[in-house]
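Structure first, commentary second.
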2 protein chains.
Amino acid sequence: MHFRCSKENVTIYSVHFSIGTLTHYQIDTFIKMAQKPSIPKGTRDFSPIEVAKRNYIFSTIKTNFEKFGFQPIETPSFENSETLMGKYGEEGDRLIFKILNSGDYLDDLRSNVIDSGKFSVHFFEILEGFGIIIRNNNNFNEFEETLKRFLSIYSGLTFDEKEILSECFTENKNEIFDFFSKYKKHDSFNEVTLQFKRDIFKNVYSKYINSLEALNSKKATSLISEKALRYDLTVPFARYVVQHQNEIEFPFKRYQIQPVWRADRPQKGRFREFYQCDADVVGSNSLWQEVELVQLYDSVFSQLGLKGVTIKINNRKILSGIAEVIGASDKLIDFTVALDKLDKIGEEGVKKEMLEKGIAEEAITKVQPLFSFTGTIAEKIAKLADLLVTSEEGMKGVEELLFICDNINEIGLQTATLDLDVTLARGLNYYTGAIFEVAAPKGVAMGSIGGGGRYDDLTGIFGLKNMSGVGISFGLDRIALVIEELNLFPETVTATSKALFLNFGLEEAKYAMKAIAKLRQAGVKVEMYPDATKIGKQFQHADKRGIPYAILVGEEEIKNNQFGIKDLATGSQQKVSFEELLNQLKENK
Amino acid sequence: MHFRCSKENVTIYSVHFSIGTLTHYQIDTFIKMAQKPSIPKGTRDFSPIEVAKRNYIFSTIKTNFEKFGFQPIETPSFENSETLMGKYGEEGDRLIFKILNSGDYLDDLRSNVIDSGKFSVHFFEILEGFGIIIRNNNNFNEFEETLKRFLSIYSGLTFDEKEILSECFTENKNEIFDFFSKYKKHDSFNEVTLQFKRDIFKNVYSKYINSLEALNSKKATSLISEKALRYDLTVPFARYVVQHQNEIEFPFKRYQIQPVWRADRPQKGRFREFYQCDADVVGSNSLWQEVELVQLYDSVFSQLGLKGVTIKINNRKILSGIAEVIGASDKLIDFTVALDKLDKIGEEGVKKEMLEKGIAEEAITKVQPLFSFTGTIAEKIAKLADLLVTSEEGMKGVEELLFICDNINEIGLQTATLDLDVTLARGLNYYTGAIFEVAAPKGVAMGSIGGGGRYDDLTGIFGLKNMSGVGISFGLDRIALVIEELNLFPETVTATSKALFLNFGLEEAKYAMKAIAKLRQAGVKVEMYPDATKIGKQFQHADKRGIPYAILVGEEEIKNNQFGIKDLATGSQQKVSFEELLNQLKENK
């Protein structure tokens, strides 16, 4: 491996410095050896314990997804660019990681640039043309006429090129007049036209440069890249549903737990590669699904021991209703953002901000009830019903909320609380019904740890109309942080072995390995220290690895067909038979 | 979502056609709606049942990895290009998927091209210079002299530029002489020089074009891409070990199950995105690890029910020994390839091929024993010992084989067979000790379903010397195909629910949902049909989904607090209490 590598590295450096001398390679190898390798910013390595903790969360989510009848699908890490581009807004398009076409992807790019420069070779005919025209015309107007005609009929030029030269002609008209007169006086075509020619040439040349500058990255990307890394799981899911619509039995309850990639500026808690855990139902408008998704959140967080999360619910139709009432749908966001600050800046502060944002005085008076929006969900909904009575869509929202909340109330939740939050306005651009967001238990400083909602016409973007979808998502990284902070990871979450057999030498090792084989067949995680080194070092290894038991096998144990087992926490040690050993290690294996 | 999308699509098409008219967008939307979306070639969507089957294999492998004391790590999907490039040979470099830098990645590329064109703006001084020089010199030699001097001192030119013009001067010498004489005769500088000027210009212009052509994709890639998708798990592992060497407790037994990406030409059974499942130990030379890896293969394939796989073993040192004996290390591959055909083309055929490949007659005679290389492993090893007695390295290989095979023999395997195969020469470029390969059970037409070996100095490429590594890999896709072919997937491997509660209306649904909540808390996978549609349609849904039981709840059931449960396989139906329902559904849940 190393051999191939060194051979090849020369190529790498020949790429970087566009020369491939061994010296470069040698120098660079020294540098390399001096500096540790690293990973791209915004990405992470996960150590064994980190993987174990994440897998604990994944499998809890997975188990609950399946209990609720959701089925797993997986889609490719990269999609065709046209599948992703334009689905996440301008900003999203920028943050999508594009994959370079393999092979000589520059061909298109190059010809694209070269073509745009091609015309320059006709340049001389023009210059000479000028000279000829001047000689054959007696006054400037005549000359001007002929020149214009010449430019208009000259076949060596494209439309663009004629434009440039006419412009150039107009801009330099005085100079040309000078030059025309001078030429008619004395005979040197050259000196006088030097400046003139250079101007024209600069025009032509700059046209060339521009053709390169016009080639912005966005345009070029479509020439050299046709695949892009998944940006979320919703668009690939929509694509999946449309592509496989004939194999899918609807309503389709799918879950998907896969990484997504975003070229975001990395910062604390925001990464360029992270997992999304989505559960969606597509193909039914039934509100029972909203009910189930609330239960699903409750079920997952309860099983994770995350007691007391708040599942906030709102409805797009409620928000539309409010917008109607305040008579300014364009002010809706300003309105919710301001209202959300009620606890912080108080009623007066909120109203002040709303006025500043240009929301009318009487509009604010109309929605007065929202400033004392307390009580049970039922009471809140009642208030909304009064407030939105004039808005048909608003009342539809009230009805939907009522169904979901009543049924959750009847069925009950394990540890979570459902709460109606009219300031919840996430995904305003695509959610059309229910909107969900989950807040970590009080006292934990952490943004939302989950969210979702209903979007009618999920698959419309790919040509399959009237497919309503509703889904929720779990924020793995944040959930992990919360569980860590609250110290809720079970002790059993570990990636280490139950026991380490110490290695006292060949014979002992043979004896140990036979026992180990049987223990493993019984499902126990055990291993032997591979080298017969100092026993102290081996104990240290077990200790550093956090392995609870050390198994000691010496001549005597072999003779009596026994095993010495040492509890590394307590230090207590005893000799046991294989069966005793098996039973002891099997406990919570 | 759809709203944003349509808004954005205009942008996409403005990218493609470099114009963004709504018409384009409308037309294209029609096309889009006509044609289903697709995924990039070489990638796959996995349906629920496919995911379930793959997860069954993953978790079996994972469980066994952990039983053997291996710990999971995960590395980012993309690495810095310099981490990957040059580690897999020229071919590998080509097959690595590169990720386009985000932002305006073309800046470097563009300036790189523009600079190389810059000089053209001095072009006119030269031409005019020629004119002046001609006028001030009386014969051609004088002219030639001055011109040379002029070119050598002219400050507006770079070295390259002077070169071009001198070349151009020499090439056009005759023409220039003509032109010189003509000019001295009559006075028109222009017409005569037209051709000449154009030649020079073409030179300059072509220099420009060349600067673009010189810009090959390989060079450009280093300018516009600095990240690349993981090509395998070994190099990222080596990078991980070096980067985290201070946190890692050695010897380090790690496993890693993650996808890798290769820009291979897709073909049956070869994909551009596929999973690798690797287990490696780094930081110990103990041969017990080779012993354990053989056991690990046996353990995984036995648990998957894949009985009768053959674990082929060889040793790089044996191959070196053979090379020594046949006195031609460069012929080693030819030798093993030929020898491998023994069964097919017989001893004579093999010898014939070896001679054709330029292996000496007496070399072949020396290794005669390999043509009757049968019997138990012990017998085979004995033969090798005789054969390689003169080769120190060869004998070291014999010794290693002996240790591994003796101990495997003593400890025993569950269902696999260990076999010594001296023609096994995979990874010849980096393996330094044991070489493994697993063949599917006889009768299944399938290449190797696993492989591995020992490579000393695994981490040397990243500057950490003397770290010996040994590891094996499982070929998930092929294993899945074999299990499918042999029909070995357990019936319990399914992603579907245990029962579907039919939806007879609001009241029945409420009653059902309460039972469902309790069943799920007991860990049973159940769901309710979301809409109160025709019952026939609901039965059909359960049927198509492969859900074994339908639960019917009508007025009467509610009154008696019962549930109607129908076995959709047998059609038998009964009324049961919740407890009975729970117990019945819990069986092999």
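Going by the structure tokens order, chains are called A, B, ..., each with residues numbered from 1, while ligands are numbered from 1 in the order shown.
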**For region 232-245 of chain B: contacts at 6 Å, only C-alpha atoms, fewer than 3 positions along chain excluded, given as a PyMOL selection string** = (chain A and resi 36-37) or (chain B and resi 248+260+459)
**Request:** Using DSSP on the backbone coordinates, identify all residues within region 36-81 of chain A classified as strand (DSSP E or B); present the result as a ChimeraX atom specification.
**Result:** /A:46,71-72,74,78-80
**Asked** What does the distance between CA of Thr336 (chain B) and CA of Ser391 (chain B) come to in Å, to one decimal place?
**Response** 17.9 Å
**Message:** Could you check the closest approach to chain A for each of B:Gly283, B:Gly451, B:Gly523, B:Gly394 and tell me which residue wins, using only C-alpha atoms?
**Reply:** B:Gly523
